[in-house]
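Okay, so here's the structure we're looking at.
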Amino acid sequence: MARLEQMIETALNLMSADGITGWGLVLLDSRLEELGSLHAIGEPVGCTTETCNHWSHDPAAPQRKWVPCEGTLIKLGESDDRDGTSTYYCLRLEEEDVFLCLHEPRSFWSELRIVEPDCVPAYILLHIRNAAPHHEREPT
C-alpha cells in the first residue's frame, strides 16, 4: 500500500518532468502511448452544462500532460493561425528523432500527434538555428 509521502513524491516528480501539456489533451497516434504516459494534472475546466450539446466547444476537461518514458523533449517553436496554436517538439531518442505537434484549437481539446519532419515549418527550424550560440552551430 502506498504511503502518503510516496504519493506526494510521485506527484511532484510528474509535475516537474518534461512533458507536453494541454487542455483535455488527446493522443491522436497510438505510438504516443508506447513512447510516454498521459496524466491529468488539474481539475476539469470548461462547460459543465448538462443540457449543452457542445457544438461550438468541448465539454469540461482537466489539463493533461504527456510525459515521455525516455529521451529528451525539445520545444522547437509555435505557429498561430485562425484555428488555434500549433507547437512543435522533437523527442530525441537514442535511435531516432520523433517530431510532435500539439494543436490547441480555441474552444476544443488539445491534440498531440506525431508528424513527419517536413511538417515542421522551416521558419521554426531556422529560428532554432539562429538562437543557438555561434560555437554550437554547424558550419554551413
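All residue names refer to the C-alpha cells as shown: chains lettered A, B, ... in order, residues numbered from 1 in each chain, ligands numbered from 1 in order.
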Using backbone DSSP assignments, extract all helix (DSSP H, G or I) residues from chain A; output them as a CSV table (one decimal) with N, CA and C atoms, in the first residue's frame.
chain,number,residue,atom,x,y,z
A,4,LEU,N,1.5,8.1,2.0
A,4,LEU,CA,1.2,9.5,1.5
A,4,LEU,C,2.4,10.2,1.0
A,5,GLU,N,3.5,10.0,1.7
A,5,GLU,CA,4.8,10.7,1.3
A,5,GLU,C,5.2,10.2,-0.1
A,6,GLN,N,5.0,8.9,-0.3
A,6,GLN,CA,5.4,8.4,-1.6
A,6,GLN,C,4.5,8.9,-2.7
A,7,MET,N,3.2,9.1,-2.4
A,7,MET,CA,2.3,9.6,-3.4
A,7,MET,C,2.6,11.1,-3.7
A,8,ILE,N,2.9,11.8,-2.7
A,8,ILE,CA,3.3,13.2,-2.9
A,8,ILE,C,4.6,13.3,-3.7
A,9,GLU,N,5.6,12.5,-3.4
A,9,GLU,CA,6.8,12.5,-4.2
A,9,GLU,C,6.6,12.2,-5.7
A,10,THR,N,5.7,11.2,-5.9
A,10,THR,CA,5.3,10.8,-7.3
A,10,THR,C,4.7,12.0,-8.0
A,11,ALA,N,3.8,12.7,-7.3
A,11,ALA,CA,3.1,13.8,-7.9
A,11,ALA,C,4.1,14.9,-8.2
A,12,LEU,N,5.0,15.2,-7.3
A,12,LEU,CA,6.0,16.2,-7.5
A,12,LEU,C,6.9,15.9,-8.7
A,13,ASN,N,7.3,14.6,-8.8
A,13,ASN,CA,8.1,14.2,-10.0
A,13,ASN,C,7.4,14.4,-11.3
A,14,LEU,N,6.1,14.0,-11.3
A,14,LEU,CA,5.3,14.2,-12.5
A,14,LEU,C,5.2,15.7,-12.9
A,15,MET,N,4.9,16.5,-12.0
A,15,MET,CA,4.7,18.0,-12.3
A,15,MET,C,6.0,18.6,-12.8
A,16,SER,N,7.2,18.1,-12.3
A,16,SER,CA,8.4,18.7,-12.7
A,16,SER,C,9.0,18.0,-13.9
A,30,SER,N,-1.4,6.1,-31.7
A,30,SER,CA,-1.2,5.1,-30.7
A,30,SER,C,0.3,4.9,-30.3
A,31,ARG,N,1.2,5.3,-31.1
A,31,ARG,CA,2.6,5.2,-30.8
A,31,ARG,C,3.0,6.1,-29.6
A,32,LEU,N,2.2,7.2,-29.4
A,32,LEU,CA,2.4,8.1,-28.3
A,32,LEU,C,2.2,7.3,-27.0
A,33,GLU,N,1.3,6.4,-27.0
A,33,GLU,CA,1.0,5.6,-25.8
A,33,GLU,C,2.2,4.7,-25.4
A,34,GLU,N,2.9,4.3,-26.4
A,34,GLU,CA,4.1,3.5,-26.2
A,34,GLU,C,5.3,4.3,-25.8
A,35,LEU,N,5.4,5.5,-26.3
A,35,LEU,CA,6.5,6.4,-26.0
A,35,LEU,C,6.4,7.2,-24.7
A,117,PRO,N,8.9,15.0,-40.3
A,117,PRO,CA,9.8,16.1,-40.2
A,117,PRO,C,9.5,17.3,-41.1
A,118,ASP,N,9.1,17.0,-42.3
A,118,ASP,CA,8.8,18.1,-43.2
A,118,ASP,C,7.5,18.9,-42.9
A,119,CYS,N,6.8,18.4,-41.9
A,119,CYS,CA,5.6,19.2,-41.4
A,119,CYS,C,6.0,20.3,-40.5
A,122,ALA,N,9.6,25.6,-41.8
A,122,ALA,CA,11.1,25.9,-41.9
A,122,ALA,C,11.5,27.1,-41.1
A,123,TYR,N,10.6,28.1,-40.9
A,123,TYR,CA,11.0,29.3,-40.1
A,123,TYR,C,11.2,28.9,-38.7
A,124,ILE,N,10.5,27.9,-38.2
A,124,ILE,CA,10.7,27.4,-36.8
A,124,ILE,C,12.1,26.8,-36.7
A,125,LEU,N,12.5,26.0,-37.6
A,125,LEU,CA,13.8,25.4,-37.6
A,125,LEU,C,14.9,26.4,-37.7
A,126,LEU,N,14.7,27.4,-38.6
A,126,LEU,CA,15.7,28.5,-38.7
A,126,LEU,C,15.8,29.3,-37.5
A,127,HIS,N,14.7,29.5,-36.8
A,127,HIS,CA,14.7,30.3,-35.6
A,127,HIS,C,15.6,29.6,-34.5
A,128,ILE,N,15.5,28.3,-34.4
A,128,ILE,CA,16.3,27.5,-33.5
A,128,ILE,C,17.8,27.6,-33.9
A,129,ARG,N,18.1,27.5,-35.1
A,129,ARG,CA,19.5,27.5,-35.6
A,129,ARG,C,20.1,28.9,-35.3
A,130,ASN,N,19.3,30.0,-35.5
A,130,ASN,CA,19.8,31.3,-35.2
A,130,ASN,C,19.9,31.6,-33.8
A,131,ALA,N,19.1,30.9,-32.9
A,131,ALA,CA,19.1,31.2,-31.5
A,131,ALA,C,20.3,30.4,-30.8
A,134,HIS,N,26.9,30.8,-31.4
A,134,HIS,CA,27.7,30.6,-32.6
A,134,HIS,C,28.6,29.4,-32.6
A,135,HIS,N,29.2,29.1,-31.4
A,135,HIS,CA,30.1,27.9,-31.4
A,135,HIS,C,29.4,26.6,-31.5
A,136,GLU,N,28.1,26.6,-31.2
A,136,GLU,CA,27.3,25.3,-31.3
A,136,GLU,C,26.7,25.1,-32.7
*Check the DSSP output for the backbone and give back, as an NGL selection string, the residues of range 11-94 of chain A in strand (DSSP E).*
:A and (20-23 or 26-27 or 36-40 or 63-68 or 72-81 or 84-92)
Write out, as a PDB file, in the first residue's frame, the residues just selected, with C-alpha atoms.
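Once everything was written out, this is out09.pdb:
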ATOM      1  CA  ILE A  20       3.598  18.400 -23.204  1.00  0.00           C
ATOM      2  CA  THR A  21       0.555  19.935 -21.539  1.00  0.00           C
ATOM      3  CA  GLY A  22      -2.835  20.820 -22.989  1.00  0.00           C
ATOM      4  CA  TRP A  23      -6.472  21.271 -22.005  1.00  0.00           C
ATOM      5  CA  VAL A  26      -5.963  13.768 -26.608  1.00  0.00           C
ATOM      6  CA  LEU A  27      -3.316  11.476 -28.138  1.00  0.00           C
ATOM      7  CA  GLY A  36       5.007   8.029 -22.905  1.00  0.00           C
ATOM      8  CA  SER A  37       2.154   8.303 -20.459  1.00  0.00           C
ATOM      9  CA  LEU A  38      -0.784  10.706 -20.127  1.00  0.00           C
ATOM     10  CA  HIS A  39      -1.717  12.222 -16.752  1.00  0.00           C
ATOM     11  CA  ALA A  40      -4.444  14.563 -15.504  1.00  0.00           C
ATOM     12  CA  GLN A  63      -5.244  19.885 -18.056  1.00  0.00           C
ATOM     13  CA  ARG A  64      -3.393  16.758 -19.154  1.00  0.00           C
ATOM     14  CA  LYS A  65       0.316  16.162 -19.515  1.00  0.00           C
ATOM     15  CA  TRP A  66       2.024  13.649 -21.788  1.00  0.00           C
ATOM     16  CA  VAL A  67       5.392  12.622 -20.340  1.00  0.00           C
ATOM     17  CA  PRO A  68       7.872  10.648 -22.476  1.00  0.00           C
ATOM     18  CA  THR A  72      14.971  14.356 -24.419  1.00  0.00           C
ATOM     19  CA  LEU A  73      11.991  16.541 -25.312  1.00  0.00           C
ATOM     20  CA  ILE A  74      12.856  19.770 -27.136  1.00  0.00           C
ATOM     21  CA  LYS A  75      10.327  22.515 -27.850  1.00  0.00           C
ATOM     22  CA  LEU A  76      11.008  23.761 -31.368  1.00  0.00           C
ATOM     23  CA  GLY A  77       8.509  26.618 -31.582  1.00  0.00           C
ATOM     24  CA  GLU A  78       4.918  27.526 -32.287  1.00  0.00           C
ATOM     25  CA  SER A  79       2.707  28.777 -35.053  1.00  0.00           C
ATOM     26  CA  ASP A  80      -0.605  30.657 -34.682  1.00  0.00           C
ATOM     27  CA  ASP A  81      -3.427  30.648 -37.188  1.00  0.00           C
ATOM     28  CA  GLY A  84      -5.518  27.946 -32.868  1.00  0.00           C
ATOM     29  CA  THR A  85      -1.893  27.372 -31.948  1.00  0.00           C
ATOM     30  CA  SER A  86       0.375  24.538 -33.098  1.00  0.00           C
ATOM     31  CA  THR A  87       3.517  23.882 -31.072  1.00  0.00           C
ATOM     32  CA  TYR A  88       6.213  21.612 -32.484  1.00  0.00           C
ATOM     33  CA  TYR A  89       8.519  19.380 -30.471  1.00  0.00           C
ATOM     34  CA  CYS A  90      11.292  16.895 -31.129  1.00  0.00           C
ATOM     35  CA  LEU A  91      11.630  13.833 -28.915  1.00  0.00           C
ATOM     36  CA  ARG A  92      15.270  12.793 -29.237  1.00  0.00           C
TER      37      ARG A  92
END
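Atom to atom, CA of Val98 in chain A and CA of Val115 in chain A stand 7.9 Å apart.
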*Do a neighbour search on Cys47 in chain A at 9 Å with only C-alpha atoms, toss out local chain neighbours closer than 5 positions, and write the hits as a ChimeraX atom specification.*
/A:52,54,57-61
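Among the candidates A:Glu116, A:Leu25, A:Glu95, A:Glu104, the residue lying nearest to Ile41 in chain A is A:Leu25 (atoms considered: only C-alpha atoms).
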